[in-house]
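Everything below belongs to structure23.cif, which stores mmCIF, C-alpha atoms.
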```cif
data_my_file
#
loop_
_atom_site.label_atom_id
_atom_site.label_comp_id
_atom_site.auth_asym_id
_atom_site.auth_seq_id
_atom_site.Cartn_x
_atom_site.Cartn_y
_atom_site.Cartn_z
CA MET A 1 112.36 -26.43 71.06
CA LEU A 2 115.42 -27.36 73.12
CA LEU A 3 117.33 -24.11 72.52
CA ASP A 4 115.85 -20.88 71.20
CA ILE A 5 118.03 -17.78 70.86
CA GLN A 6 116.39 -14.48 69.95
CA ASP A 7 118.02 -11.10 69.26
CA LEU A 8 121.30 -11.98 70.99
CA LYS A 9 123.67 -9.03 71.21
CA LEU A 10 127.19 -8.82 72.59
CA SER A 11 129.59 -5.92 73.07
CA PHE A 12 133.06 -5.84 74.60
CA LYS A 13 134.56 -2.88 76.43
CA GLY A 14 137.88 -1.73 75.03
CA LEU A 15 140.15 1.29 75.25
CA GLY A 16 138.04 3.10 72.66
CA GLY A 17 134.70 2.25 74.27
CA MET A 18 132.24 -0.54 73.52
CA THR A 19 132.73 -2.71 70.41
CA ASP A 20 129.72 -4.58 69.04
CA VAL A 21 130.43 -8.25 68.30
CA LEU A 22 126.98 -9.84 67.89
CA HIS A 23 124.20 -7.79 66.31
CA GLY A 24 120.97 -9.49 67.33
CA ILE A 25 121.39 -13.05 66.10
CA SER A 26 118.61 -15.67 66.35
CA LEU A 27 118.84 -19.44 66.02
CA SER A 28 117.09 -22.55 67.31
CA ILE A 29 117.88 -26.22 67.91
CA ALA A 30 115.32 -28.98 68.40
CA ALA A 31 115.93 -31.98 70.65
CA GLY A 32 118.28 -34.43 68.93
CA GLU A 33 118.99 -32.06 66.02
CA ARG A 34 122.45 -31.38 64.60
CA VAL A 35 122.85 -27.69 63.72
CA ALA A 36 125.98 -26.01 62.35
CA LEU A 37 127.08 -22.41 62.85
CA VAL A 38 129.43 -21.55 60.00
CA GLY A 39 131.63 -18.52 59.40
CA GLU A 40 135.19 -17.28 59.17
CA SER A 41 137.40 -16.60 62.19
CA GLY A 42 136.19 -13.63 64.22
CA SER A 43 132.61 -13.81 62.92
CA GLY A 44 131.12 -14.52 66.36
CA LYS A 45 130.79 -18.32 66.40
CA SER A 46 132.72 -19.18 69.57
CA VAL A 47 131.40 -16.29 71.68
CA THR A 48 127.86 -17.44 70.85
CA ALA A 49 128.66 -20.87 72.33
CA ARG A 50 130.18 -19.27 75.43
CA ILE A 51 127.06 -17.19 75.99
CA ILE A 52 124.91 -20.34 75.75
CA LEU A 53 127.12 -21.90 78.44
CA GLY A 54 126.77 -18.76 80.56
CA LEU A 55 130.49 -17.96 80.49
CA LEU A 56 130.27 -14.32 79.41
CA GLN A 57 127.28 -13.06 81.37
CA GLU A 58 129.38 -12.33 84.47
CA THR A 59 132.31 -10.85 82.57
CA ARG A 60 132.65 -7.16 83.45
CA SER A 61 134.10 -6.24 80.06
CA ALA A 62 131.17 -7.84 78.20
CA ARG A 63 127.62 -6.58 77.73
CA VAL A 64 125.14 -9.29 76.73
CA SER A 65 121.45 -8.91 75.93
CA GLY A 66 118.71 -10.91 74.27
CA LYS A 67 117.00 -14.23 74.99
CA VAL A 68 118.71 -17.61 75.36
CA ASP A 69 115.89 -20.01 76.14
CA PHE A 70 116.91 -23.55 77.16
CA GLU A 71 114.00 -25.94 77.72
CA GLY A 72 111.63 -23.07 78.43
CA THR A 73 113.93 -21.17 80.81
CA ASP A 74 115.84 -18.05 79.82
CA ILE A 75 119.49 -18.60 80.76
CA MET A 76 119.99 -14.84 80.78
CA ASP A 77 117.67 -14.51 83.80
CA MET A 78 119.32 -17.30 85.80
CA ARG A 79 121.58 -16.72 88.77
CA PRO A 80 125.26 -17.54 88.12
CA LYS A 81 125.12 -20.70 90.28
CA ALA A 82 122.07 -21.98 88.38
CA ARG A 83 123.84 -21.43 85.05
CA ALA A 84 126.92 -23.21 86.38
CA ARG A 85 124.81 -26.25 87.30
CA LEU A 86 123.76 -26.61 83.65
CA ARG A 87 127.36 -26.89 82.47
CA GLY A 88 128.57 -30.45 82.33
CA THR A 89 125.11 -31.81 83.09
CA GLU A 90 122.39 -30.55 80.73
CA MET A 91 124.88 -29.08 78.26
CA SER A 92 128.54 -29.82 77.54
CA MET A 93 131.23 -28.44 75.27
CA ILE A 94 134.09 -29.85 73.21
CA PHE A 95 136.83 -27.30 72.52
CA GLN A 96 139.25 -27.03 69.61
CA ASP A 97 142.44 -28.19 71.30
CA PRO A 98 141.90 -31.31 73.44
CA THR A 99 145.35 -31.15 75.05
CA SER A 100 144.86 -27.65 76.48
CA SER A 101 141.24 -28.41 77.47
CA LEU A 102 142.26 -31.21 79.87
CA ASN A 103 143.99 -30.48 83.16
CA PRO A 104 147.61 -31.70 82.89
CA THR A 105 147.96 -32.16 86.68
CA PHE A 106 145.13 -34.69 87.10
CA THR A 107 144.70 -38.18 85.66
CA ILE A 108 141.97 -38.87 83.11
CA GLY A 109 140.16 -40.92 85.75
CA ASN A 110 140.13 -38.05 88.25
CA GLN A 111 138.78 -35.67 85.62
CA PHE A 112 136.03 -38.11 84.66
CA THR A 113 135.09 -38.41 88.33
CA GLU A 114 134.85 -34.64 88.74
CA VAL A 115 132.59 -34.35 85.68
CA MET A 116 130.24 -37.15 86.76
CA ARG A 117 129.91 -35.78 90.29
CA ARG A 118 128.57 -32.52 88.88
CA ARG A 119 125.33 -34.42 88.15
CA SER A 120 125.53 -37.03 90.93
CA PRO A 121 127.66 -35.73 93.84
CA LYS A 122 127.27 -38.96 95.85
CA LEU A 123 128.76 -41.25 93.20
CA CYS A 124 131.67 -43.23 94.61
CA ARG A 125 135.00 -43.55 92.82
CA VAL A 126 134.33 -47.15 91.77
CA GLU A 127 131.02 -46.21 90.13
CA CYS A 128 132.63 -43.26 88.35
CA TYR A 129 135.45 -45.38 86.99
CA ALA A 130 133.05 -48.11 85.81
CA ARG A 131 131.01 -45.54 83.90
CA ALA A 132 134.16 -43.88 82.53
CA ILE A 133 135.44 -47.24 81.23
CA GLU A 134 132.09 -47.82 79.52
CA MET A 135 132.26 -44.42 77.81
CA LEU A 136 135.88 -44.86 76.73
CA LYS A 137 134.91 -48.14 75.10
CA GLU A 138 132.14 -46.30 73.24
CA VAL A 139 134.73 -43.99 71.69
CA SER A 140 136.84 -47.02 70.69
CA ILE A 141 139.73 -46.42 73.08
CA PRO A 142 141.68 -49.65 73.70
CA ASN A 143 142.65 -50.58 77.27
CA PRO A 144 140.47 -47.91 78.92
CA GLU A 145 141.59 -48.96 82.43
CA ARG A 146 145.14 -47.90 81.58
CA VAL A 147 143.96 -44.63 80.00
CA LEU A 148 142.15 -43.66 83.22
CA SER A 149 145.45 -43.83 85.09
CA ASN A 150 147.25 -41.70 82.47
CA TYR A 151 147.74 -37.95 82.43
CA PRO A 152 146.72 -36.04 79.26
CA PHE A 153 150.35 -35.48 78.19
CA GLN A 154 150.81 -39.26 78.07
CA LEU A 155 148.17 -39.59 75.34
CA SER A 156 148.19 -38.56 71.68
CA GLY A 157 146.11 -35.64 70.41
CA GLY A 158 143.61 -38.02 68.83
CA MET A 159 143.26 -40.02 72.05
CA ASN A 160 142.76 -36.85 74.07
CA GLN A 161 140.05 -35.72 71.64
CA ARG A 162 138.23 -39.04 72.11
CA VAL A 163 138.55 -38.65 75.86
CA MET A 164 137.02 -35.16 75.57
CA ILE A 165 134.07 -36.53 73.55
CA ALA A 166 133.52 -39.31 76.09
CA MET A 167 133.74 -36.85 78.98
CA ALA A 168 131.33 -34.43 77.31
CA LEU A 169 128.73 -37.18 76.82
CA VAL A 170 129.18 -39.15 80.05
CA ASN A 171 126.38 -37.26 81.85
CA ARG A 172 124.01 -37.67 78.89
CA PRO A 173 123.63 -33.92 78.18
CA LYS A 174 120.72 -32.75 76.09
CA LEU A 175 122.90 -30.25 74.18
CA LEU A 176 126.49 -30.61 73.02
CA LEU A 177 128.44 -27.55 71.85
CA ALA A 178 131.32 -28.57 69.59
CA ASP A 179 133.71 -25.69 68.82
CA GLU A 180 135.85 -26.70 65.82
CA PRO A 181 136.50 -30.21 67.22
CA GLY A 182 139.51 -31.88 65.66
CA THR A 183 141.03 -28.70 64.22
CA ALA A 184 144.27 -29.35 66.12
CA LEU A 185 144.52 -32.90 64.70
CA ASP A 186 145.78 -34.16 61.37
CA VAL A 187 143.19 -34.70 58.64
CA SER A 188 142.83 -38.50 58.93
CA VAL A 189 142.48 -38.47 62.74
CA GLN A 190 140.07 -35.53 62.48
CA ALA A 191 137.83 -37.46 60.08
CA GLN A 192 137.78 -40.52 62.35
CA THR A 193 136.98 -38.36 65.38
CA LEU A 194 134.10 -36.56 63.68
CA ARG A 195 132.58 -39.81 62.41
CA LEU A 196 132.77 -41.17 65.93
CA MET A 197 131.10 -38.08 67.38
CA HIS A 198 128.38 -38.27 64.70
CA ASP A 199 127.58 -41.88 65.65
CA LEU A 200 127.62 -41.19 69.39
CA VAL A 201 125.29 -38.19 69.39
CA ASP A 202 122.85 -40.12 67.19
CA ARG A 203 123.01 -43.09 69.55
CA HIS A 204 122.36 -40.97 72.63
CA GLY A 205 119.88 -38.56 71.01
CA THR A 206 121.99 -35.52 71.87
CA ALA A 207 121.38 -32.20 70.10
CA VAL A 208 124.52 -30.52 68.74
CA LEU A 209 125.55 -26.99 67.88
CA PHE A 210 128.54 -27.66 65.62
CA ILE A 211 130.79 -24.63 65.17
CA SER A 212 133.08 -24.76 62.16
CA HIS A 213 134.50 -23.04 59.11
CA ASN A 214 135.01 -26.40 57.37
CA LEU A 215 132.12 -26.62 54.92
CA GLY A 216 132.98 -30.16 53.87
CA VAL A 217 132.57 -31.44 57.42
CA VAL A 218 129.41 -29.40 57.98
CA ARG A 219 127.81 -30.82 54.84
CA GLU A 220 128.22 -34.37 56.16
CA PHE A 221 127.41 -33.66 59.81
CA ALA A 222 124.61 -31.09 60.15
CA ASP A 223 120.85 -31.23 59.56
CA ARG A 224 120.60 -27.44 59.37
CA VAL A 225 123.08 -24.62 58.86
CA TYR A 226 123.32 -21.02 60.05
CA VAL A 227 125.86 -18.80 58.28
CA ILE A 228 127.27 -15.97 60.41
CA TYR A 229 129.17 -12.94 59.14
CA ARG A 230 130.41 -10.05 61.30
CA GLY A 231 128.07 -11.02 64.13
CA ASN A 232 125.02 -11.32 61.88
CA ILE A 233 123.16 -14.43 60.69
CA VAL A 234 123.03 -13.94 56.92
CA GLU A 235 121.61 -17.29 55.78
CA GLU A 236 120.01 -20.36 57.33
CA GLY A 237 118.12 -23.47 56.38
CA PRO A 238 118.41 -27.23 55.79
CA THR A 239 121.98 -28.21 54.91
CA ALA A 240 121.07 -29.66 51.49
CA ALA A 241 119.17 -26.51 50.50
CA VAL A 242 121.92 -24.10 51.60
CA PHE A 243 124.65 -26.07 49.83
CA SER A 244 122.70 -26.71 46.63
CA LYS A 245 121.48 -23.14 46.22
CA PRO A 246 123.23 -20.62 48.49
CA GLY A 247 121.29 -17.39 48.42
CA HIS A 248 123.70 -14.96 50.07
CA ALA A 249 126.86 -13.60 48.50
CA TYR A 250 128.88 -14.39 51.63
CA THR A 251 127.76 -18.04 51.66
CA ARG A 252 128.69 -18.37 47.98
CA ALA A 253 132.09 -16.80 48.71
CA LEU A 254 132.74 -19.30 51.51
CA MET A 255 131.94 -22.16 49.16
CA ASP A 256 134.10 -20.72 46.40
CA ALA A 257 136.99 -20.50 48.88
CA VAL A 258 137.00 -24.27 49.49
CA PRO A 259 140.20 -25.74 47.94
CA ARG A 260 139.62 -27.92 44.89
CA ILE A 261 141.80 -30.72 43.56
CA THR A 262 141.79 -29.16 40.08
CA GLY A 263 144.62 -26.85 41.12
CA ALA A 264 142.55 -23.71 40.52
CA GLY A 265 143.46 -20.73 42.67
CA ILE A 266 141.54 -20.08 45.89
CA PRO A 267 139.67 -16.77 45.74
CA GLU A 268 139.62 -14.48 48.75
CA VAL A 269 136.33 -13.98 50.56
CA PRO A 270 135.12 -10.55 49.44
CA GLU A 271 134.10 -7.81 51.81
CA VAL A 272 130.34 -7.48 52.16
CA SER A 273 128.97 -4.07 53.03
CA ASP A 274 126.95 -3.68 56.23
CA ALA A 275 123.96 -2.61 54.18
CA PHE A 276 124.03 -5.95 52.38
CA LEU A 277 123.64 -7.98 55.59
CA ALA A 278 119.83 -7.77 55.48
CA PRO A 279 117.54 -9.46 54.76
CA VAL A 280 118.55 -12.91 55.99
CA VAL A 281 118.27 -15.65 53.36
CA ARG A 282 116.11 -18.48 54.68
CA HIS A 283 115.38 -21.87 53.17
CA GLY A 284 112.57 -24.35 53.72
CA GLU A 285 110.59 -25.31 56.80
CA GLY A 286 113.58 -25.00 59.12
CA ALA A 287 113.57 -21.21 58.79
CA LEU A 288 112.77 -19.12 61.83
#
```
Any chance you could give the structure as structure tokens?
Amino acid sequence: MLLDIQDLKLSFKGLGGMTDVLHGISLSIAAGERVALVGESGSGKSVTARIILGLLQETRSARVSGKVDFEGTDIMDMRPKARARLRGTEMSMIFQDPTSSLNPTFTIGNQFTEVMRRRSPKLCRVECYARAIEMLKEVSIPNPERVLSNYPFQLSGGMNQRVMIAMALVNRPKLLLADEPGTALDVSVQAQTLRLMHDLVDRHGTAVLFISHNLGVVREFADRVYVIYRGNIVEEGPTAAVFSKPGHAYTRALMDAVPRITGAGIPEVPEVSDAFLAPVVRHGEGAL
């Protein structure tokens, strides 16, 4: 198993004391597998990705516990410098807003160079640019030489998103964390970007944790799905099984909330009592 998370808990310190955010979630991702983590805003999706990257373990206001095993090593037991070495090399992340994720004061070429030197510090600028041009061509960006000399604000949102995908995959990471990629783009550009990412991760054999609330996209992209509600995994299994026969009331409510072209009203997602969060609904052989 490439990634195995067991009993992951997270609390944040606030004015009124500690607030629990994750309540012992567990999930796994095999090498080359595409897994989706689905839930509404505030359910705990993005903070889970940040813990995997090791971004919250040193935060004084956060208390993290549990097991995050990556290739047989528990990230939770690593020193901060060792966790930092994993980022951008063995695992990468694509964030929601590509424009704010890129540094506006450096050219695209300089940012590519910085990313590639995380894995190979001795790479010269010519080698970095040659590899960057190759990756930009893979994401169907025309005139990649010109793009490398541009700053992010000189490119469209869709172009910046493609640059982010290319940058995330340039070091051939084993795990890609995609946090609502394309959300800041219009629908047509978003669809093109997601199809492109789907093809690239398949071509490179990269495993993906795809974080989204868009069930339509998840249905087309993911092999398996985990549904998270209030920091709890409430349902998981192969995508086809979860979508064809959702077993948990929250999963059914999410599906009912998807807009339909019939013009029928969109129901609100109902509140689910804490007592109803267990047991977890599991489907098929992919269940933990």
> Mind pulling up the distance from atom CA of Leu22 of chain A to atom CA of Glu58 of chain A?
Replying inline: 16.9 Å
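Here atom CA of Gly66 of chain A and atom CA of Glu40 of chain A stand 23.2 Å from one another.
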>> I want to know what sits within 8 Å of segment 147-164 of chain A, based on all atoms listed in the file, with residues of the same chain fewer than 4 positions away left out; could you give that as a ChimeraX atom specification?
In response: /A:94,97-99,102-110,129,133,136,139,141,143,168,181-182,184-185,189-190,193
> Just so the selection is clear, what residues does the PyMOL selection byres ((chain A and resi 43) around 12) cover here, as a ChimeraX atom specification?
Replying inline: /A:20-23,25,37-42,44-48,211-213,227-234,250
> Could you write out as a PyMOL selection string the residues that the PyMOL selection byres ((chain A and resi 53) around 9) matches in the shown file?
Replying inline: chain A and resi 48-52+54-56+75+83-84+86-87+91-93+177
Name the residues that the PyMOL selection byres ((chain A and resi 236-243) around 6) picks from the file above, as a short mmCIF file (atom, residue, chain, number, x, y, z; two decimals) with C-alpha atoms, in the frame of the given file, using the file's chain letters and numbers.
```
data_model
loop_
_atom_site.label_atom_id
_atom_site.label_comp_id
_atom_site.auth_asym_id
_atom_site.auth_seq_id
_atom_site.Cartn_x
_atom_site.Cartn_y
_atom_site.Cartn_z
CA ASP A 223 120.85 -31.23 59.56
CA ARG A 224 120.60 -27.44 59.37
CA VAL A 225 123.08 -24.62 58.86
CA TYR A 226 123.32 -21.02 60.05
CA GLU A 235 121.61 -17.29 55.78
CA SER A 244 122.70 -26.71 46.63
CA LYS A 245 121.48 -23.14 46.22
CA PRO A 246 123.23 -20.62 48.49
CA ARG A 282 116.11 -18.48 54.68
CA HIS A 283 115.38 -21.87 53.17
CA GLY A 286 113.58 -25.00 59.12
CA ALA A 287 113.57 -21.21 58.79
#
```
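Atom CA of Gln57 of chain A lies 24.6 Å from atom CA of Leu169 of chain A.
Considering only C-alpha atoms, the residue among A:Gly247, A:Gly216, A:Gly284, A:Pro173 positioned nearest to Ala31 of chain A is A:Pro173.
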>> Given all atoms listed in the file as the basis, pick out the residue of A:Asn171, A:Ser61, A:Gln96, A:Asn214 nearest to Gly14 of chain A.
In response: A:Ser61
> Arg172 of chain A: which residues within 8 Å, counting all atoms listed in the file, same-chain residues fewer than 2 positions away excluded, as a PyMOL selection string?
Replying inline: chain A and resi 89-90+169-170+174+204+206
> For Leu10 of chain A, which residue among A:Met78, A:Ala62, A:Val115, A:Leu196 is the nearest when counting all atoms listed in the file?
Replying inline: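 Looking at the shortest contact to Leu10 of chain A, the residue is A:Ala62.
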> Which residue gives the smallest distance to Ala166 of chain A among A:Gly72, A:Pro121, A:Gly88, A:Pro80, with only C-alpha atoms counted?
Replying inline: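 Nearest to Ala166 of chain A: A:Gly88.
Candidate residues A:Ala207, A:Arg85, A:Leu27, A:Asp74 were compared for distance to Arg119 of chain A, and the nearest is A:Arg85, using all atoms listed in the file.
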Using the file's own x, y and z axes, what box holds all listed atoms of segment 1-18 of chain A with 8 Å on each side, keeping edges along x, y and z, and what are its centre and edge lengths in Å to one decimal, as lines of an AutoDock Vina configuration file?
```
center_x = 126.3
center_y = -12.1
center_z = 72.8
size_x = 43.8
size_y = 46.5
size_z = 23.2
```
> With distances taken over all atoms listed in the file, which of A:Asp4, A:Glu134, A:Asp186, A:Asp179 is nearest to Phe112 of chain A?
Replying inline: A:Glu134
